[in-house]
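Below you'll find the structure, written out as structure tokens, and then a few comments.
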Amino acid sequence: GPSPDAQRNGFYDLRFVGTAADGRRICTRVTGERDPGYGSTARMLAQAAACLALDIDRGTTAGGFWTPATAFGERLIHRLQAHAGLRFEVLDDAA
């Protein structure tokens with residue numbers, strides 16, 4: 001794997017493009033500090049665990065299985081931006 005220095009100084013900058021059935025498009029950008037496979041992943045997992053333990057109201061998650069997006073909602077995005085060095089943005093240009 002990458003050296004400890006490469007893990008600390010790594011970063012990533014990703015674009016995701018979604019297209020609806022009616023042709024509408026959205027483009028988002030996700031950036032993160034540290035090597036994505038080592039430094040950043042550990043930070044994301046820690047924040048997901050904290051979100052599960054501290055931020056999710058148990059009364060609203062009763063009954064069956066929940067997808068991560070449904071269970072976490074915006075709470076995980078806020079945690080990742082505040083504590084894990086990630087940034088999420090919707091881009092004007094959907095190209």
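Within each chain, counting starts at residue 1; across the structure tokens, chains are named A, B, ... in the order shown, with ligands numbered 1 upward in that order.
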
Residues near Gln7 (chain A), anyone? I mean within 9 Å using only C-alpha atoms, not counting same-chain ones fewer than 2 positions away, as a ChimeraX atom specification. /A:1-5,9-11,34-40

For those residues, write all heavy atoms to a file as a compact mmCIF listing (two decimals), in the first residue's frame.
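File written: out-v1.txt
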# COMPACT_ATOMS: atom_id res chain seq x y z
N GLY A 1 0.82 -1.19 0.00
CA GLY A 1 0.00 0.00 0.00
C GLY A 1 0.85 1.24 0.00
O GLY A 1 2.08 1.17 -0.01
N PRO A 2 0.22 2.38 0.01
CA PRO A 2 0.96 3.64 -0.02
C PRO A 2 1.72 3.86 1.29
O PRO A 2 1.34 3.36 2.35
CB PRO A 2 -0.13 4.69 -0.20
CG PRO A 2 -1.41 4.03 0.12
CD PRO A 2 -1.21 2.57 -0.02
N SER A 3 2.78 4.62 1.21
CA SER A 3 3.58 4.95 2.39
C SER A 3 2.75 5.79 3.36
O SER A 3 1.75 6.40 2.95
CB SER A 3 4.82 5.75 1.96
OG SER A 3 4.43 7.04 1.52
N PRO A 4 3.16 5.85 4.63
CA PRO A 4 2.43 6.71 5.57
C PRO A 4 2.35 8.17 5.10
O PRO A 4 1.32 8.82 5.27
CB PRO A 4 3.24 6.59 6.87
CG PRO A 4 3.83 5.21 6.78
CD PRO A 4 4.17 5.04 5.31
N ASP A 5 3.42 8.66 4.47
CA ASP A 5 3.40 10.03 3.96
C ASP A 5 2.37 10.18 2.84
O ASP A 5 1.61 11.16 2.81
CB ASP A 5 4.79 10.43 3.46
CG ASP A 5 4.86 11.88 3.05
OD1 ASP A 5 4.53 12.75 3.91
OD2 ASP A 5 5.20 12.16 1.89
N ASN A 9 -0.91 12.65 2.83
CA ASN A 9 -0.95 13.74 1.84
C ASN A 9 -1.80 13.44 0.62
O ASN A 9 -1.92 14.29 -0.26
CB ASN A 9 0.48 14.09 1.41
CG ASN A 9 1.27 14.65 2.57
OD1 ASN A 9 0.79 15.51 3.30
ND2 ASN A 9 2.47 14.14 2.77
N GLY A 10 -2.41 12.27 0.57
CA GLY A 10 -3.25 11.93 -0.58
C GLY A 10 -4.57 12.69 -0.56
O GLY A 10 -4.92 13.37 0.41
N PHE A 11 -5.29 12.59 -1.64
CA PHE A 11 -6.60 13.24 -1.76
C PHE A 11 -7.34 12.60 -2.93
O PHE A 11 -6.78 11.82 -3.69
CB PHE A 11 -6.45 14.74 -1.99
CG PHE A 11 -5.82 15.08 -3.31
CD1 PHE A 11 -6.62 15.35 -4.43
CD2 PHE A 11 -4.45 15.11 -3.46
CE1 PHE A 11 -6.04 15.64 -5.65
CE2 PHE A 11 -3.87 15.41 -4.68
CZ PHE A 11 -4.67 15.68 -5.77
N ARG A 34 -6.67 12.98 2.40
CA ARG A 34 -5.95 11.73 2.66
C ARG A 34 -6.20 10.69 1.58
O ARG A 34 -7.10 10.81 0.77
CB ARG A 34 -6.28 11.19 4.04
CG ARG A 34 -5.94 12.16 5.15
CD ARG A 34 -6.19 11.54 6.49
NE ARG A 34 -5.95 12.51 7.53
CZ ARG A 34 -5.12 12.31 8.53
NH1 ARG A 34 -4.44 11.19 8.62
NH2 ARG A 34 -4.95 13.25 9.44
N ASP A 35 -5.37 9.66 1.62
CA ASP A 35 -5.50 8.57 0.67
C ASP A 35 -6.88 7.93 0.82
O ASP A 35 -7.30 7.63 1.94
CB ASP A 35 -4.42 7.52 0.95
CG ASP A 35 -4.54 6.33 0.04
OD1 ASP A 35 -4.10 6.42 -1.11
OD2 ASP A 35 -5.12 5.31 0.49
N PRO A 36 -7.63 7.74 -0.28
CA PRO A 36 -8.99 7.22 -0.15
C PRO A 36 -9.06 5.80 0.37
O PRO A 36 -10.02 5.42 1.02
CB PRO A 36 -9.56 7.32 -1.57
CG PRO A 36 -8.38 7.40 -2.46
CD PRO A 36 -7.29 8.05 -1.66
N GLY A 37 -8.06 4.99 0.12
CA GLY A 37 -8.11 3.59 0.54
C GLY A 37 -7.68 3.35 1.97
O GLY A 37 -7.96 2.32 2.54
N TYR A 38 -6.99 4.30 2.56
CA TYR A 38 -6.48 4.11 3.91
C TYR A 38 -6.97 5.20 4.84
O TYR A 38 -7.89 5.01 5.63
CB TYR A 38 -4.94 4.04 3.90
CG TYR A 38 -4.43 2.80 3.25
CD1 TYR A 38 -4.27 2.71 1.87
CD2 TYR A 38 -4.14 1.67 4.01
CE1 TYR A 38 -3.82 1.55 1.28
CE2 TYR A 38 -3.68 0.50 3.42
CZ TYR A 38 -3.51 0.45 2.05
OH TYR A 38 -3.09 -0.70 1.47
N GLY A 39 -6.39 6.39 4.76
CA GLY A 39 -6.71 7.46 5.70
C GLY A 39 -8.15 7.91 5.67
O GLY A 39 -8.78 8.10 6.71
N SER A 40 -8.72 8.09 4.51
CA SER A 40 -10.08 8.62 4.42
C SER A 40 -11.13 7.57 4.78
O SER A 40 -12.12 7.88 5.44
CB SER A 40 -10.34 9.17 3.02
OG SER A 40 -11.56 9.86 2.98

Taking the DSSP assignment computed from this structure's backbone, write out as a list of chain:residue names all residues of chain A that belong to strand (DSSP E). A:Phe11, A:Tyr12, A:Asp13, A:Leu14, A:Arg15, A:Phe16, A:Val17, A:Gly18, A:Thr19, A:Arg25, A:Ile26, A:Cys27, A:Thr28, A:Arg29, A:Val30, A:Thr31, A:Gly32, A:Glu33, A:Leu86, A:Arg87, A:Phe88, A:Glu89, A:Val90, A:Leu91

Give one line per residue of region 15-51 of chain A that approaches region 68-92 of chain A to at most 7 Å, naming the two atoms of the closest pair and their distance in Å to one decimal, counting only C-alpha atoms; sort by chain then ascending residue number and deliver it as a tab-separated table.
residue	atom	partner	partner_atom	distance
A:Cys27	CA	A:Leu91	CA	5.5
A:Thr28	CA	A:Val90	CA	4.3
A:Arg29	CA	A:Glu89	CA	5.3
A:Val30	CA	A:Phe88	CA	4.8
A:Thr31	CA	A:Arg87	CA	5.2
A:Gly32	CA	A:Leu86	CA	4.3
A:Glu33	CA	A:Gly85	CA	5.3
A:Arg43	CA	A:Ala84	CA	5.3
A:Met44	CA	A:Ala84	CA	6.2
A:Gln47	CA	A:Arg79	CA	6.3
A:Ala48	CA	A:Leu76	CA	6.5
A:Cys51	CA	A:Leu76	CA	6.2

Could you please take those selected residues and save N, CA and C atoms as a compact mmCIF listing (two decimals), in the first residue's frame?
# COMPACT_ATOMS: atom_id res chain seq x y z
N CYS A 27 -24.98 16.72 -11.71
CA CYS A 27 -23.57 16.40 -11.55
C CYS A 27 -23.15 16.83 -10.15
N THR A 28 -22.51 15.93 -9.43
CA THR A 28 -22.03 16.24 -8.10
C THR A 28 -20.54 16.00 -8.02
N ARG A 29 -19.91 16.66 -7.07
CA ARG A 29 -18.48 16.53 -6.84
C ARG A 29 -18.26 16.11 -5.39
N VAL A 30 -17.39 15.12 -5.20
CA VAL A 30 -17.01 14.69 -3.86
C VAL A 30 -15.49 14.76 -3.78
N THR A 31 -14.99 15.51 -2.81
CA THR A 31 -13.56 15.59 -2.60
C THR A 31 -13.25 15.15 -1.18
N GLY A 32 -12.04 14.66 -1.00
CA GLY A 32 -11.66 14.20 0.32
C GLY A 32 -10.18 14.33 0.58
N GLU A 33 -9.85 14.50 1.84
CA GLU A 33 -8.47 14.56 2.29
C GLU A 33 -7.95 13.15 2.52
N ARG A 43 -11.70 7.25 8.48
CA ARG A 43 -12.42 8.40 9.01
C ARG A 43 -13.91 8.31 8.67
N MET A 44 -14.23 7.86 7.45
CA MET A 44 -15.63 7.71 7.06
C MET A 44 -16.33 6.65 7.92
N GLN A 47 -17.08 7.95 11.41
CA GLN A 47 -18.20 8.89 11.45
C GLN A 47 -19.53 8.17 11.21
N ALA A 48 -19.53 7.13 10.40
CA ALA A 48 -20.76 6.34 10.22
C ALA A 48 -21.14 5.67 11.54
N CYS A 51 -22.50 8.28 13.86
CA CYS A 51 -23.84 8.66 13.42
C CYS A 51 -24.87 7.63 13.88

CA of Thr41 (chain A) to CA of Thr67 (chain A), straight-line distance in Å: 19.4 Å

Atomic distance CA of Ile56 (chain A) - CA of Tyr12 (chain A), expressed in Å with one decimal: 28.5 Å

Looking only at the backbone, which of the residues in chain A does DSSP tag as helix (DSSP H, G or I), as an MDAnalysis selection string? chainID A and resid 4:9 39:55 58:60 68:72 74:83

Pairwise distance for CA of Asp13 (chain A) and CA of Ala46 (chain A), rounded to one decimal in Å: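 For CA of Asp13 (chain A) relative to CA of Ala46 (chain A), the distance reads 20.9 Å.
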